[in-house]
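A.B. asks: Got a structure for you, run.txt, holding compact mmCIF, N, CA and C atoms.
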# COMPACT_ATOMS: atom_id res chain seq x y z
N MET A 1 -22.56 123.96 188.47
CA MET A 1 -21.52 123.13 189.04
C MET A 1 -21.19 121.97 188.09
N LEU A 2 -22.21 121.33 187.54
CA LEU A 2 -21.99 120.19 186.66
C LEU A 2 -21.21 120.56 185.41
N PRO A 3 -21.52 121.68 184.70
CA PRO A 3 -20.71 122.04 183.53
C PRO A 3 -19.24 122.27 183.88
N SER A 4 -18.96 122.86 185.05
CA SER A 4 -17.57 123.07 185.46
C SER A 4 -16.87 121.76 185.70
N LEU A 5 -17.54 120.83 186.35
CA LEU A 5 -16.96 119.52 186.62
C LEU A 5 -16.70 118.79 185.30
N LEU A 6 -17.62 118.87 184.36
CA LEU A 6 -17.42 118.23 183.06
C LEU A 6 -16.23 118.85 182.33
N ALA A 7 -16.10 120.15 182.39
CA ALA A 7 -14.97 120.83 181.73
C ALA A 7 -13.65 120.37 182.34
N ILE A 8 -13.60 120.26 183.67
CA ILE A 8 -12.38 119.81 184.34
C ILE A 8 -12.06 118.37 183.95
N LEU A 9 -13.06 117.50 183.94
CA LEU A 9 -12.83 116.11 183.56
C LEU A 9 -12.36 115.99 182.12
N LEU A 10 -12.95 116.78 181.23
CA LEU A 10 -12.52 116.74 179.82
C LEU A 10 -11.08 117.24 179.70
N PHE A 11 -10.73 118.29 180.44
CA PHE A 11 -9.37 118.81 180.40
C PHE A 11 -8.37 117.76 180.90
N LEU A 12 -8.66 117.15 182.03
CA LEU A 12 -7.76 116.14 182.58
C LEU A 12 -7.64 114.92 181.68
N SER A 13 -8.75 114.47 181.14
CA SER A 13 -8.69 113.28 180.28
C SER A 13 -7.97 113.58 178.98
N SER A 14 -8.06 114.80 178.48
CA SER A 14 -7.34 115.11 177.24
C SER A 14 -5.84 115.10 177.47
N GLY A 15 -5.38 115.51 178.65
CA GLY A 15 -3.96 115.46 178.95
C GLY A 15 -3.45 114.05 179.02
N PHE A 16 -4.21 113.16 179.60
CA PHE A 16 -3.78 111.78 179.72
C PHE A 16 -3.80 111.06 178.38
N SER A 17 -4.68 111.46 177.51
CA SER A 17 -4.77 110.76 176.22
C SER A 17 -3.56 111.03 175.33
N HIS A 18 -2.81 112.09 175.62
CA HIS A 18 -1.65 112.41 174.79
C HIS A 18 -0.32 111.95 175.40
N ALA A 19 -0.37 111.35 176.59
CA ALA A 19 0.85 110.87 177.22
C ALA A 19 1.22 109.52 176.63
N HIS A 20 2.50 109.32 176.42
CA HIS A 20 2.98 108.07 175.83
C HIS A 20 4.16 107.55 176.63
N SER A 21 4.22 106.25 176.78
CA SER A 21 5.38 105.66 177.45
C SER A 21 6.55 105.69 176.49
N LEU A 22 7.73 105.89 177.04
CA LEU A 22 8.94 105.94 176.22
C LEU A 22 9.55 104.55 176.14
N ARG A 23 9.86 104.14 174.95
CA ARG A 23 10.46 102.83 174.71
C ARG A 23 11.84 103.02 174.11
N PRO A 24 12.70 102.01 174.23
CA PRO A 24 14.04 102.13 173.66
C PRO A 24 14.01 102.30 172.14
N ALA A 25 15.00 103.01 171.64
CA ALA A 25 15.17 103.16 170.19
C ALA A 25 15.83 101.89 169.64
N VAL A 26 15.58 101.62 168.37
CA VAL A 26 16.20 100.48 167.70
C VAL A 26 16.99 101.02 166.52
N ALA A 27 18.29 100.69 166.48
CA ALA A 27 19.16 101.17 165.41
C ALA A 27 19.56 100.03 164.50
N THR A 28 19.57 100.30 163.20
CA THR A 28 20.05 99.37 162.19
C THR A 28 21.24 100.03 161.50
N ILE A 29 22.36 99.33 161.46
CA ILE A 29 23.58 99.88 160.87
C ILE A 29 23.97 99.04 159.66
N GLN A 30 24.22 99.72 158.53
CA GLN A 30 24.66 99.04 157.31
C GLN A 30 26.00 99.62 156.88
N PHE A 31 26.93 98.73 156.61
CA PHE A 31 28.23 99.13 156.10
C PHE A 31 28.19 98.94 154.59
N GLU A 32 28.36 100.02 153.85
CA GLU A 32 28.26 99.99 152.39
C GLU A 32 29.63 99.66 151.77
N ALA A 33 29.60 99.07 150.58
CA ALA A 33 30.83 98.72 149.87
C ALA A 33 31.66 99.94 149.49
N ASN A 34 31.01 101.11 149.35
CA ASN A 34 31.73 102.32 148.95
C ASN A 34 32.39 103.04 150.13
N GLY A 35 32.40 102.41 151.31
CA GLY A 35 33.07 102.99 152.46
C GLY A 35 32.20 103.91 153.30
N THR A 36 30.91 103.89 153.08
CA THR A 36 30.02 104.71 153.90
C THR A 36 29.26 103.81 154.87
N ILE A 37 28.69 104.44 155.86
CA ILE A 37 27.87 103.74 156.85
C ILE A 37 26.51 104.42 156.86
N SER A 38 25.47 103.61 156.89
CA SER A 38 24.10 104.12 156.97
C SER A 38 23.49 103.63 158.27
N ILE A 39 22.87 104.53 158.99
CA ILE A 39 22.23 104.18 160.25
C ILE A 39 20.78 104.64 160.19
N SER A 40 19.88 103.74 160.56
CA SER A 40 18.46 104.07 160.70
C SER A 40 18.09 103.84 162.16
N ILE A 41 17.50 104.84 162.78
CA ILE A 41 17.10 104.74 164.18
C ILE A 41 15.59 104.89 164.25
N ARG A 42 14.94 103.84 164.71
CA ARG A 42 13.48 103.87 164.87
C ARG A 42 13.19 104.27 166.31
N THR A 43 12.51 105.41 166.47
CA THR A 43 12.31 105.97 167.80
C THR A 43 11.11 106.91 167.83
N ASN A 44 10.82 107.41 169.00
CA ASN A 44 9.81 108.43 169.19
C ASN A 44 10.50 109.78 169.00
N ALA A 45 10.49 110.29 167.79
CA ALA A 45 11.23 111.51 167.46
C ALA A 45 10.63 112.75 168.10
N GLU A 46 9.33 112.73 168.37
CA GLU A 46 8.72 113.87 169.05
C GLU A 46 9.33 114.05 170.44
N ALA A 47 9.58 112.94 171.13
CA ALA A 47 10.20 113.00 172.46
C ALA A 47 11.62 113.56 172.36
N LEU A 48 12.36 113.17 171.32
CA LEU A 48 13.71 113.71 171.12
C LEU A 48 13.66 115.22 170.91
N LEU A 49 12.80 115.65 170.02
CA LEU A 49 12.72 117.07 169.69
C LEU A 49 12.21 117.89 170.87
N ALA A 50 11.31 117.32 171.66
CA ALA A 50 10.79 118.01 172.84
C ALA A 50 11.77 117.91 174.02
N ARG A 51 12.87 117.19 173.79
CA ARG A 51 13.91 117.00 174.80
C ARG A 51 13.38 116.32 176.06
N ILE A 52 12.62 115.25 175.81
CA ILE A 52 12.13 114.41 176.90
C ILE A 52 13.04 113.19 176.94
N GLY A 53 13.79 113.07 178.01
CA GLY A 53 14.78 112.00 178.12
C GLY A 53 14.26 110.77 178.83
N ARG A 54 15.14 109.81 178.96
CA ARG A 54 14.75 108.53 179.55
C ARG A 54 14.53 108.61 181.05
N GLU A 55 14.79 109.78 181.66
CA GLU A 55 14.47 109.92 183.07
C GLU A 55 12.96 109.94 183.30
N HIS A 56 12.20 110.09 182.20
CA HIS A 56 10.74 110.06 182.27
C HIS A 56 10.25 108.78 181.61
N GLU A 57 9.45 108.01 182.34
CA GLU A 57 8.89 106.80 181.76
C GLU A 57 7.74 107.12 180.82
N ASP A 58 7.15 108.28 181.01
CA ASP A 58 5.97 108.68 180.24
C ASP A 58 6.14 110.14 179.83
N THR A 59 5.76 110.47 178.61
CA THR A 59 5.93 111.84 178.13
C THR A 59 5.13 112.84 178.96
N GLY A 60 4.01 112.41 179.53
CA GLY A 60 3.17 113.29 180.34
C GLY A 60 3.82 113.71 181.65
N GLU A 61 4.88 113.01 182.07
CA GLU A 61 5.59 113.33 183.31
C GLU A 61 6.60 114.45 183.12
N SER A 62 6.93 114.77 181.91
CA SER A 62 7.97 115.75 181.62
C SER A 62 7.44 117.18 181.70
N PRO A 63 8.30 118.12 182.12
CA PRO A 63 7.89 119.52 182.04
C PRO A 63 7.72 119.98 180.59
N ASN A 64 8.22 119.19 179.63
CA ASN A 64 8.10 119.52 178.21
C ASN A 64 6.93 118.81 177.55
N ALA A 65 5.98 118.32 178.34
CA ALA A 65 4.85 117.57 177.81
C ALA A 65 4.02 118.39 176.82
N ALA A 66 3.84 119.67 177.06
CA ALA A 66 3.05 120.51 176.16
C ALA A 66 3.71 120.59 174.78
N GLU A 67 5.03 120.73 174.75
CA GLU A 67 5.74 120.77 173.46
C GLU A 67 5.62 119.43 172.75
N TYR A 68 5.75 118.34 173.50
CA TYR A 68 5.59 117.00 172.92
C TYR A 68 4.20 116.88 172.28
N ASN A 69 3.17 117.30 173.00
CA ASN A 69 1.80 117.19 172.48
C ASN A 69 1.62 118.05 171.23
N ARG A 70 2.25 119.22 171.19
CA ARG A 70 2.17 120.08 170.00
C ARG A 70 2.81 119.37 168.81
N LEU A 71 4.00 118.79 169.02
CA LEU A 71 4.69 118.09 167.94
C LEU A 71 3.90 116.86 167.50
N ARG A 72 3.33 116.16 168.45
CA ARG A 72 2.58 114.94 168.15
C ARG A 72 1.34 115.24 167.32
N ALA A 73 0.80 116.43 167.47
CA ALA A 73 -0.40 116.82 166.74
C ALA A 73 -0.12 117.20 165.29
N LEU A 74 1.16 117.42 164.95
CA LEU A 74 1.51 117.79 163.57
C LEU A 74 1.32 116.60 162.63
N SER A 75 0.99 116.88 161.40
CA SER A 75 0.93 115.83 160.38
C SER A 75 2.34 115.29 160.16
N PRO A 76 2.47 114.07 159.62
CA PRO A 76 3.81 113.55 159.35
C PRO A 76 4.66 114.51 158.50
N MET A 77 4.07 115.12 157.49
CA MET A 77 4.82 116.02 156.62
C MET A 77 5.32 117.26 157.38
N LEU A 78 4.47 117.85 158.20
CA LEU A 78 4.88 119.03 158.96
C LEU A 78 5.92 118.67 160.02
N PHE A 79 5.77 117.49 160.63
CA PHE A 79 6.76 117.09 161.63
C PHE A 79 8.11 116.81 160.96
N GLU A 80 8.11 116.20 159.78
CA GLU A 80 9.37 115.97 159.06
C GLU A 80 10.10 117.28 158.85
N ARG A 81 9.36 118.31 158.46
CA ARG A 81 9.96 119.63 158.24
C ARG A 81 10.55 120.20 159.53
N GLU A 82 9.78 120.10 160.60
CA GLU A 82 10.24 120.66 161.87
C GLU A 82 11.45 119.88 162.41
N PHE A 83 11.44 118.56 162.27
CA PHE A 83 12.56 117.76 162.75
C PHE A 83 13.82 118.03 161.93
N GLY A 84 13.66 118.36 160.66
CA GLY A 84 14.81 118.62 159.79
C GLY A 84 15.74 119.68 160.34
N HIS A 85 15.19 120.66 161.04
CA HIS A 85 16.01 121.71 161.63
C HIS A 85 16.83 121.18 162.82
N PHE A 86 16.37 120.13 163.44
CA PHE A 86 17.01 119.53 164.60
C PHE A 86 17.90 118.35 164.23
N GLY A 87 17.69 117.78 163.06
CA GLY A 87 18.38 116.55 162.66
C GLY A 87 19.88 116.62 162.70
N GLU A 88 20.46 117.72 162.24
CA GLU A 88 21.92 117.84 162.22
C GLU A 88 22.48 117.92 163.64
N GLU A 89 21.79 118.64 164.52
CA GLU A 89 22.20 118.70 165.93
C GLU A 89 22.16 117.29 166.54
N PHE A 90 21.11 116.56 166.24
CA PHE A 90 20.97 115.19 166.74
C PHE A 90 22.16 114.33 166.28
N ALA A 91 22.48 114.41 164.99
CA ALA A 91 23.59 113.61 164.44
C ALA A 91 24.92 113.98 165.08
N GLN A 92 25.15 115.25 165.30
CA GLN A 92 26.42 115.70 165.87
C GLN A 92 26.59 115.27 167.32
N ASN A 93 25.49 115.02 168.01
CA ASN A 93 25.56 114.62 169.41
C ASN A 93 25.71 113.11 169.59
N LEU A 94 25.64 112.36 168.51
CA LEU A 94 25.87 110.92 168.60
C LEU A 94 27.37 110.65 168.48
N GLN A 95 27.82 109.67 169.20
CA GLN A 95 29.23 109.30 169.11
C GLN A 95 29.34 107.88 168.58
N LEU A 96 30.02 107.73 167.47
CA LEU A 96 30.26 106.43 166.87
C LEU A 96 31.74 106.34 166.54
N LYS A 97 32.36 105.24 166.96
CA LYS A 97 33.77 105.02 166.65
C LYS A 97 33.93 103.67 165.98
N VAL A 98 34.82 103.62 165.00
CA VAL A 98 35.20 102.38 164.34
C VAL A 98 36.70 102.22 164.57
N ASP A 99 37.07 101.14 165.25
CA ASP A 99 38.46 100.92 165.63
C ASP A 99 39.07 102.13 166.33
N GLY A 100 38.27 102.75 167.19
CA GLY A 100 38.73 103.90 167.97
C GLY A 100 38.71 105.22 167.23
N ILE A 101 38.35 105.20 165.94
CA ILE A 101 38.33 106.43 165.13
C ILE A 101 36.90 106.97 165.09
N PRO A 102 36.70 108.24 165.52
CA PRO A 102 35.35 108.81 165.48
C PRO A 102 34.84 108.96 164.04
N ILE A 103 33.57 108.67 163.86
CA ILE A 103 32.90 108.81 162.56
C ILE A 103 31.97 110.02 162.64
N ASN A 104 32.14 110.96 161.74
CA ASN A 104 31.23 112.10 161.67
C ASN A 104 29.95 111.66 160.98
N LEU A 105 28.85 111.77 161.69
CA LEU A 105 27.56 111.40 161.13
C LEU A 105 26.83 112.63 160.65
N ARG A 106 26.11 112.47 159.54
CA ARG A 106 25.30 113.55 158.97
C ARG A 106 23.85 113.09 158.91
N TYR A 107 22.97 113.99 159.22
CA TYR A 107 21.53 113.72 159.13
C TYR A 107 21.13 113.68 157.67
N SER A 108 20.39 112.64 157.27
CA SER A 108 19.91 112.52 155.89
C SER A 108 18.44 112.91 155.78
N LYS A 109 17.60 112.23 156.59
CA LYS A 109 16.16 112.49 156.52
C LYS A 109 15.49 111.76 157.67
N ILE A 110 14.19 112.00 157.79
CA ILE A 110 13.36 111.27 158.75
C ILE A 110 12.12 110.79 158.02
N ASP A 111 11.75 109.56 158.28
CA ASP A 111 10.48 109.01 157.78
C ASP A 111 9.54 108.92 158.97
N VAL A 112 8.46 109.68 158.92
CA VAL A 112 7.49 109.70 160.01
C VAL A 112 6.33 108.79 159.63
N LEU A 113 6.08 107.81 160.47
CA LEU A 113 5.01 106.86 160.22
C LEU A 113 3.71 107.43 160.77
N ALA A 114 2.68 107.43 159.96
CA ALA A 114 1.38 107.92 160.40
C ALA A 114 0.72 106.85 161.26
N GLU A 115 0.29 107.23 162.46
CA GLU A 115 -0.39 106.31 163.36
C GLU A 115 -1.89 106.49 163.21
N ALA A 116 -2.59 105.39 163.10
CA ALA A 116 -4.04 105.45 163.02
C ALA A 116 -4.64 105.80 164.38
N ASP A 117 -3.96 105.44 165.46
CA ASP A 117 -4.46 105.65 166.81
C ASP A 117 -3.60 106.71 167.50
N PRO A 118 -4.14 107.93 167.69
CA PRO A 118 -3.34 108.99 168.31
C PRO A 118 -3.00 108.74 169.77
N SER A 119 -3.60 107.73 170.39
CA SER A 119 -3.26 107.43 171.78
C SER A 119 -1.94 106.66 171.87
N LEU A 120 -1.42 106.19 170.73
CA LEU A 120 -0.14 105.49 170.69
C LEU A 120 0.96 106.45 170.27
N ASP A 121 2.18 106.19 170.74
CA ASP A 121 3.28 107.03 170.29
C ASP A 121 3.56 106.73 168.82
N ARG A 122 4.06 107.73 168.12
CA ARG A 122 4.32 107.61 166.69
C ARG A 122 5.79 107.29 166.50
N LYS A 123 6.08 106.22 165.81
CA LYS A 123 7.46 105.85 165.53
C LYS A 123 7.93 106.52 164.25
N SER A 124 9.16 106.92 164.27
CA SER A 124 9.79 107.53 163.10
C SER A 124 11.14 106.87 162.90
N GLU A 125 11.65 106.94 161.67
CA GLU A 125 12.99 106.43 161.38
C GLU A 125 13.88 107.59 160.97
N ILE A 126 14.91 107.81 161.77
CA ILE A 126 15.89 108.86 161.50
C ILE A 126 17.03 108.21 160.73
N HIS A 127 17.40 108.80 159.60
CA HIS A 127 18.45 108.24 158.75
C HIS A 127 19.69 109.12 158.81
N LEU A 128 20.83 108.47 159.09
CA LEU A 128 22.12 109.15 159.20
C LEU A 128 23.12 108.47 158.29
N ARG A 129 24.15 109.21 157.89
CA ARG A 129 25.20 108.64 157.05
C ARG A 129 26.55 109.13 157.55
N GLY A 130 27.55 108.33 157.28
CA GLY A 130 28.92 108.71 157.64
C GLY A 130 29.89 108.01 156.71
N VAL A 131 31.16 108.42 156.78
CA VAL A 131 32.21 107.82 155.96
C VAL A 131 33.14 107.05 156.89
N LEU A 132 33.41 105.80 156.55
CA LEU A 132 34.29 104.94 157.34
C LEU A 132 35.74 105.33 157.09
N PRO A 133 36.64 105.03 158.04
CA PRO A 133 38.06 105.27 157.81
C PRO A 133 38.53 104.47 156.59
N SER A 134 39.48 105.01 155.86
CA SER A 134 39.91 104.38 154.61
C SER A 134 40.55 103.02 154.81
N ASP A 135 41.13 102.77 155.95
CA ASP A 135 41.77 101.48 156.16
C ASP A 135 40.83 100.50 156.83
Show how you would write the structure in this file as structure tokens.
C.D. replies:
Amino acid sequence: MLPSLLAILLFLSSGFSHAHSLRPAVATIQFEANGTISISIRTNAEALLARIGREHEDTGESPNAAEYNRLRALSPMLFEREFGHFGEEFAQNLQLKVDGIPINLRYSKIDVLAEADPSLDRKSEIHLRGVLPSD
């Protein structure tokens, strides 16, 4: 009985250790002299890729929690590769307008920050670029 109880406790505690609260993303926008715009978005990219939205305060509450945990377990280099396939879709779903004119954004890259503590969510910076209207 005791080994079964220990196994259940270990299973439950491992699930909780990978849950992370979702925090707002922070975007930095730079307007370049050559008419381009650069956007850096610091966010929990694993939650984006696992399609865990803001309706969940914690990643463990989502039906996609297993996918989030799989992505979170990847090294920064492997996650950068996996996110690269999703980056263009992410950019196309953002809407940015300058003086009412839509700006087409393109995914450039993602910088994944290595966290020393796996109980914390890992922040990444998604880099996008676009061309401003000529006028």
A.B. asks: Between atom CA of Gly35 of chain A and atom CA of Arg129 of chain A, what distance in Å does the model show, to one decimal?
C.D. replies: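 One can read the atom CA of Gly35 of chain A to atom CA of Arg129 of chain A distance as 10.7 Å.
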A.B. asks: If we count only C-alpha atoms, what is near Leu71 of chain A at a cut-off of 9 Å, once residues fewer than 4 positions away on the same chain are taken out, given as a CSV table (one decimal) with N, CA and C atoms, in the frame of the given file?
C.D. replies:
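Ended up saving to part26.csv:
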chain,number,residue,atom,x,y,z
A,46,GLU,N,9.3,112.7,168.4
A,46,GLU,CA,8.7,113.9,169.0
A,46,GLU,C,9.3,114.0,170.4
A,47,ALA,N,9.6,112.9,171.1
A,47,ALA,CA,10.2,113.0,172.5
A,47,ALA,C,11.6,113.6,172.4
A,49,LEU,N,12.8,115.6,170.0
A,49,LEU,CA,12.7,117.1,169.7
A,49,LEU,C,12.2,117.9,170.9
A,50,ALA,N,11.3,117.3,171.7
A,50,ALA,CA,10.8,118.0,172.8
A,50,ALA,C,11.8,117.9,174.0
A,66,ALA,N,3.8,119.7,177.1
A,66,ALA,CA,3.0,120.5,176.2
A,66,ALA,C,3.7,120.6,174.8
A,67,GLU,N,5.0,120.7,174.8
A,67,GLU,CA,5.7,120.8,173.5
A,67,GLU,C,5.6,119.4,172.8
A,75,SER,N,1.0,116.9,161.4
A,75,SER,CA,0.9,115.8,160.4
A,75,SER,C,2.3,115.3,160.2
A,79,PHE,N,5.8,117.5,160.6
A,79,PHE,CA,6.8,117.1,161.6
A,79,PHE,C,8.1,116.8,161.0
A,82,GLU,N,9.8,120.1,160.6
A,82,GLU,CA,10.2,120.7,161.9
A,82,GLU,C,11.4,119.9,162.4
A.B. asks: Which is closer to Asn64 of chain A than all the others in A:Ala27, A:Ile39, A:Val131, A:Ile52, using only N, CA and C atoms?
C.D. replies: A:Ile52
A.B. asks: Give me the residues near Gly87 of chain A as a PDB file with N, CA and C atoms, in the coordinates of the input, where near means some atom within 7 Å (using all atoms listed in the file) and where sequence neighbours in that chain fewer than 3 positions away do not count.
C.D. replies:
ATOM      1  N   GLU A  82       9.780 120.100 160.600  1.00  0.00           N
ATOM      2  CA  GLU A  82      10.240 120.660 161.870  1.00  0.00           C
ATOM      3  C   GLU A  82      11.450 119.880 162.410  1.00  0.00           C
ATOM      4  N   PHE A  83      11.440 118.560 162.270  1.00  0.00           N
ATOM      5  CA  PHE A  83      12.560 117.760 162.750  1.00  0.00           C
ATOM      6  C   PHE A  83      13.820 118.030 161.930  1.00  0.00           C
ATOM      7  N   GLY A  84      13.660 118.360 160.660  1.00  0.00           N
ATOM      8  CA  GLY A  84      14.810 118.620 159.790  1.00  0.00           C
ATOM      9  C   GLY A  84      15.740 119.680 160.340  1.00  0.00           C
ATOM     10  N   PHE A  90      21.110 116.560 166.240  1.00  0.00           N
ATOM     11  CA  PHE A  90      20.970 115.190 166.740  1.00  0.00           C
ATOM     12  C   PHE A  90      22.160 114.330 166.280  1.00  0.00           C
ATOM     13  N   ALA A  91      22.480 114.410 164.990  1.00  0.00           N
ATOM     14  CA  ALA A  91      23.590 113.610 164.440  1.00  0.00           C
ATOM     15  C   ALA A  91      24.920 113.980 165.080  1.00  0.00           C
ATOM     16  N   GLN A  92      25.150 115.250 165.300  1.00  0.00           N
ATOM     17  CA  GLN A  92      26.420 115.700 165.870  1.00  0.00           C
ATOM     18  C   GLN A  92      26.590 115.270 167.320  1.00  0.00           C
ATOM     19  N   ARG A 106      26.110 112.470 159.540  1.00  0.00           N
ATOM     20  CA  ARG A 106      25.300 113.550 158.970  1.00  0.00           C
ATOM     21  C   ARG A 106      23.850 113.090 158.910  1.00  0.00           C
ATOM     22  N   TYR A 107      22.970 113.990 159.220  1.00  0.00           N
ATOM     23  CA  TYR A 107      21.530 113.720 159.130  1.00  0.00           C
ATOM     24  C   TYR A 107      21.130 113.680 157.670  1.00  0.00           C
ATOM     25  N   SER A 108      20.390 112.640 157.270  1.00  0.00           N
ATOM     26  CA  SER A 108      19.910 112.520 155.890  1.00  0.00           C
ATOM     27  C   SER A 108      18.440 112.910 155.780  1.00  0.00           C
TER      28      SER A 108
END
A.B. asks: Atom N of Ser40 of chain A and atom N of Leu128 of chain A, how far apart in Å?
C.D. replies: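 So the two atoms, atom N of Leu128 of chain A and atom N of Ser40 of chain A, lie 5.0 Å apart.
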A.B. asks: Which residue out of A:Phe31, A:Arg81, A:Asn44, A:Leu113 has the minimum interatomic distance to Pro133 of chain A when only C-alpha atoms are used?
C.D. replies: A:Phe31
A.B. asks: Quick one: residues within 12 Å of Gly100 of chain A, only C-alpha atoms, excluding same-chain residues fewer than 4 positions away - as number ranges by chain?
C.D. replies: A: 95-96, 132-133
A.B. asks: Given the choices A:Pro76, A:Ser134, A:Tyr68, A:Ile126, which gets closest to Leu48 of chain A if the distance is worked out from all atoms listed in the file?
C.D. replies: A:Tyr68
A.B. asks: Quote the spacing between atom CA of Ile37 of chain A and atom CA of Pro102 of chain A in Å to one decimal place.
C.D. replies: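 For atom CA of Ile37 of chain A relative to atom CA of Pro102 of chain A, the distance reads 12.5 Å.
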A.B. asks: Taking the DSSP assignment computed from this structure's backbone, write out as a VMD selection string all residues of segment 67-97 of chain A that belong to alpha helix (DSSP H).
C.D. replies: chain A and resid 67 to 73 76 to 92
A.B. asks: Enclose segment 70-84 of chain A, meaning all of its atoms listed in the file, in a box aligned along x, y and z, pad it by 3 Å on each side, and list the centre and edge lengths in Å to one decimal, as lines of an AutoDock Vina configuration file.
C.D. replies:
center_x = 7.7
center_y = 117.1
center_z = 163.9
size_x = 22.1
size_y = 13.1
size_z = 20.6
A.B. asks: Just list as a ChimeraX atom specification whatever in segment 14-124 of chain A DSSP marks as strand (DSSP E or B).
C.D. replies: /A:21,26-31,36-43,58,97-98,101-102,105-112,124
A.B. asks: Using all atoms listed in the file, find the one residue out of A:His85, A:Asp121, A:Arg42, A:Asn93 that sits nearest to Leu105 of chain A.
C.D. replies: A:Asn93
A.B. asks: Which is closer to Thr43 of chain A than all the others in A:Thr28, A:Ser124, A:Asn69, A:Ser62, using all atoms listed in the file?
C.D. replies: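 The shortest atom-to-atom distance to Thr43 of chain A comes from A:Ser124.
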A.B. asks: Using all atoms listed in the file, which of the listed residues (A:Glu89, A:Asn104, A:Asp111, A:Leu78) sits closest to Lys123 of chain A?
C.D. replies: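 Under the stated criterion, the closest residue is A:Asp111.
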